[in-house]
Amino acid sequence: MTVVEIIELGNPEQAPEVKVGDIATLAWMMDNENRQGIFSKKQSDPSIRFLNAKSYNEAMTNSKGLDVIIVVVRTHNKEKQRDFMQLKKLTIA
């Protein structure tokens, strides 16, 4: 995803440190059913429905250039001493 606009909502301490033009990716840990369900609900289902795709792979292939609105928060992993961007919601624009 390429950031085209930033609208800050909610708690500034949880706002990701991004700027227009930044490229962001999301990684999903798919090692259990709960995480697979969250991935499906938050990321793949909106794309599949909007693109009328028959599969996740088809949706991802056809989603290049698609405008989306995402809501993210910054979370901190104390063990890794690193911040992560967590997807809360994805909507097709």
# chains A, B, ... in the order shown; residues from 1 in each chain; ligands from 1
$ select_by_dssp --residues "region 33-82 of chain A" --states "alpha helix (DSSP H)" --output "PyMOL selection string"
chain A and resi 33-39+45-51+56-62
$ write_last_selection --atoms "C-alpha atoms" --output "PDB file, in the first residue's frame"
ATOM      1  CA  GLU A  33      -7.412 -20.455  12.969  1.00  0.00           C
ATOM      2  CA  ASN A  34      -8.096 -17.299  15.004  1.00  0.00           C
ATOM      3  CA  ARG A  35      -5.534 -15.285  13.050  1.00  0.00           C
ATOM      4  CA  GLN A  36      -6.781 -16.737   9.764  1.00  0.00           C
ATOM      5  CA  GLY A  37     -10.296 -15.608  10.651  1.00  0.00           C
ATOM      6  CA  ILE A  38      -9.144 -12.086  11.524  1.00  0.00           C
ATOM      7  CA  PHE A  39      -7.227 -11.893   8.228  1.00  0.00           C
ATOM      8  CA  ASP A  45     -13.286 -10.421   2.477  1.00  0.00           C
ATOM      9  CA  PRO A  46     -13.783  -6.724   1.551  1.00  0.00           C
ATOM     10  CA  SER A  47     -11.515  -7.108  -1.487  1.00  0.00           C
ATOM     11  CA  ILE A  48     -13.098 -10.361  -2.623  1.00  0.00           C
ATOM     12  CA  ARG A  49     -16.618  -8.925  -2.364  1.00  0.00           C
ATOM     13  CA  PHE A  50     -15.772  -5.636  -4.107  1.00  0.00           C
ATOM     14  CA  LEU A  51     -13.893  -7.297  -6.973  1.00  0.00           C
ATOM     15  CA  TYR A  56      -8.222 -14.613  -2.377  1.00  0.00           C
ATOM     16  CA  ASN A  57      -5.481 -15.032  -5.005  1.00  0.00           C
ATOM     17  CA  GLU A  58      -7.744 -13.613  -7.715  1.00  0.00           C
ATOM     18  CA  ALA A  59      -8.658 -10.647  -5.489  1.00  0.00           C
ATOM     19  CA  MET A  60      -5.014  -9.854  -4.714  1.00  0.00           C
ATOM     20  CA  THR A  61      -4.049 -10.156  -8.388  1.00  0.00           C
ATOM     21  CA  ASN A  62      -6.816  -7.749  -9.413  1.00  0.00           C
TER      22      ASN A  62
END
$ residues_around --residues "Lys89 (chain A)" --least-positions-apart "2" --cutoff "7 Å" --atoms "only C-alpha atoms" --output "list in words"
Lys42, Ile70, Val71, Leu87 and Thr91 of chain A
$ write_last_selection --atoms "all heavy atoms" --output "PDB file, in the first residue's frame"
ATOM      1  N   LYS A  42     -10.878  -8.917   8.105  1.00  0.00           N
ATOM      2  CA  LYS A  42     -10.381  -7.548   7.990  1.00  0.00           C
ATOM      3  C   LYS A  42      -9.779  -7.209   6.636  1.00  0.00           C
ATOM      4  O   LYS A  42      -9.844  -6.063   6.208  1.00  0.00           O
ATOM      5  CB  LYS A  42      -9.343  -7.273   9.079  1.00  0.00           C
ATOM      6  CG  LYS A  42      -9.946  -7.190  10.452  1.00  0.00           C
ATOM      7  CD  LYS A  42      -8.945  -6.748  11.475  1.00  0.00           C
ATOM      8  CE  LYS A  42      -9.593  -6.622  12.838  1.00  0.00           C
ATOM      9  NZ  LYS A  42      -8.646  -6.214  13.850  1.00  0.00           N
ATOM     10  N   ILE A  70      -7.790   2.593   5.086  1.00  0.00           N
ATOM     11  CA  ILE A  70      -7.442   1.680   6.169  1.00  0.00           C
ATOM     12  C   ILE A  70      -7.369   2.446   7.483  1.00  0.00           C
ATOM     13  O   ILE A  70      -7.019   3.621   7.512  1.00  0.00           O
ATOM     14  CB  ILE A  70      -6.117   0.928   5.920  1.00  0.00           C
ATOM     15  CG1 ILE A  70      -4.932   1.883   5.810  1.00  0.00           C
ATOM     16  CG2 ILE A  70      -6.221   0.039   4.699  1.00  0.00           C
ATOM     17  CD1 ILE A  70      -3.595   1.175   5.820  1.00  0.00           C
ATOM     18  N   VAL A  71      -7.754   1.758   8.532  1.00  0.00           N
ATOM     19  CA  VAL A  71      -7.622   2.290   9.879  1.00  0.00           C
ATOM     20  C   VAL A  71      -6.573   1.413  10.556  1.00  0.00           C
ATOM     21  O   VAL A  71      -6.716   0.188  10.599  1.00  0.00           O
ATOM     22  CB  VAL A  71      -8.954   2.237  10.656  1.00  0.00           C
ATOM     23  CG1 VAL A  71      -8.767   2.700  12.087  1.00  0.00           C
ATOM     24  CG2 VAL A  71     -10.010   3.065   9.939  1.00  0.00           C
ATOM     25  N   LEU A  87      -3.628  -3.464  11.534  1.00  0.00           N
ATOM     26  CA  LEU A  87      -4.814  -3.134  10.760  1.00  0.00           C
ATOM     27  C   LEU A  87      -6.059  -3.319  11.611  1.00  0.00           C
ATOM     28  O   LEU A  87      -6.268  -4.363  12.215  1.00  0.00           O
ATOM     29  CB  LEU A  87      -4.910  -4.030   9.529  1.00  0.00           C
ATOM     30  CG  LEU A  87      -6.136  -3.835   8.638  1.00  0.00           C
ATOM     31  CD1 LEU A  87      -6.071  -2.483   7.933  1.00  0.00           C
ATOM     32  CD2 LEU A  87      -6.264  -4.943   7.630  1.00  0.00           C
ATOM     33  N   THR A  91     -11.525  -0.665   4.075  1.00  0.00           N
ATOM     34  CA  THR A  91     -12.730  -0.401   3.299  1.00  0.00           C
ATOM     35  C   THR A  91     -12.314   0.006   1.892  1.00  0.00           C
ATOM     36  O   THR A  91     -11.359   0.758   1.725  1.00  0.00           O
ATOM     37  CB  THR A  91     -13.540   0.768   3.931  1.00  0.00           C
ATOM     38  OG1 THR A  91     -13.797   0.462   5.305  1.00  0.00           O
ATOM     39  CG2 THR A  91     -14.853   0.987   3.210  1.00  0.00           C
TER      40      THR A  91
END
$ select_by_dssp --residues "chain A" --states "strand (DSSP E or B)" --output "NGL selection string"
:A and (2 or 23 or 68-77 or 82-92)
$ residues_around --residues "Gly10 (chain A)" --least-positions-apart "5" --cutoff "12 Å" --atoms "only C-alpha atoms" --output "short mmCIF file (atom, residue, chain, number, x, y, z; two decimals) with all heavy atoms, in the first residue's frame"
data_model
loop_
_atom_site.label_atom_id
_atom_site.label_comp_id
_atom_site.auth_asym_id
_atom_site.auth_seq_id
_atom_site.Cartn_x
_atom_site.Cartn_y
_atom_site.Cartn_z
N ALA A 15 -0.83 6.48 16.81
CA ALA A 15 -0.77 6.79 15.38
C ALA A 15 0.53 6.27 14.79
O ALA A 15 1.60 6.52 15.34
CB ALA A 15 -0.90 8.29 15.16
N PRO A 16 0.47 5.55 13.69
CA PRO A 16 1.69 5.08 13.03
C PRO A 16 2.51 6.27 12.53
O PRO A 16 1.97 7.30 12.17
CB PRO A 16 1.20 4.26 11.86
CG PRO A 16 -0.22 3.95 12.15
CD PRO A 16 -0.72 5.07 13.01
N VAL A 71 -7.75 1.76 8.53
CA VAL A 71 -7.62 2.29 9.88
C VAL A 71 -6.57 1.41 10.56
O VAL A 71 -6.72 0.19 10.60
CB VAL A 71 -8.95 2.24 10.66
CG1 VAL A 71 -8.77 2.70 12.09
CG2 VAL A 71 -10.01 3.06 9.94
N VAL A 72 -5.50 2.04 11.03
CA VAL A 72 -4.42 1.32 11.67
C VAL A 72 -4.07 1.97 13.00
O VAL A 72 -4.35 3.15 13.22
CB VAL A 72 -3.16 1.25 10.78
CG1 VAL A 72 -3.42 0.44 9.53
CG2 VAL A 72 -2.67 2.63 10.43
N VAL A 73 -3.47 1.21 13.87
CA VAL A 73 -2.91 1.73 15.12
C VAL A 73 -1.49 1.20 15.24
O VAL A 73 -1.13 0.18 14.65
CB VAL A 73 -3.73 1.34 16.37
CG1 VAL A 73 -5.12 1.93 16.33
CG2 VAL A 73 -3.78 -0.15 16.55
N ARG A 74 -0.70 1.91 16.00
CA ARG A 74 0.66 1.47 16.27
C ARG A 74 0.66 0.70 17.58
O ARG A 74 0.12 1.15 18.58
CB ARG A 74 1.59 2.68 16.36
CG ARG A 74 3.02 2.31 16.64
CD ARG A 74 3.92 3.50 16.66
NE ARG A 74 3.40 4.51 17.58
CZ ARG A 74 3.81 5.76 17.62
NH1 ARG A 74 4.73 6.19 16.79
NH2 ARG A 74 3.30 6.62 18.47
#
$ closest_residue --among "A:Asp22, A:Ala53, A:Ala93, A:Met85" --to "Gly65 (chain A)" --atoms "only C-alpha atoms"
A:Ala93
$ closest_residue --among "A:Gln86, A:Ser44, A:Asp67, A:Ser55" --to "Glu5 (chain A)" --atoms "only C-alpha atoms"
A:Asp67
$ residues_around --residues "Lys19 (chain A)" --least-positions-apart "4" --cutoff "12 Å" --atoms "only C-alpha atoms" --output "PyMOL selection string"
chain A and resi 2-8+15+23-24
$ atom_distance --atom1 "CA of Ile69 (chain A)" --atom2 "CA of Glu17 (chain A)"
16.9 Å
$ atom_distance --atom1 "CA of Ile92 (chain A)" --atom2 "CA of Ser63 (chain A)"
10.2 Å
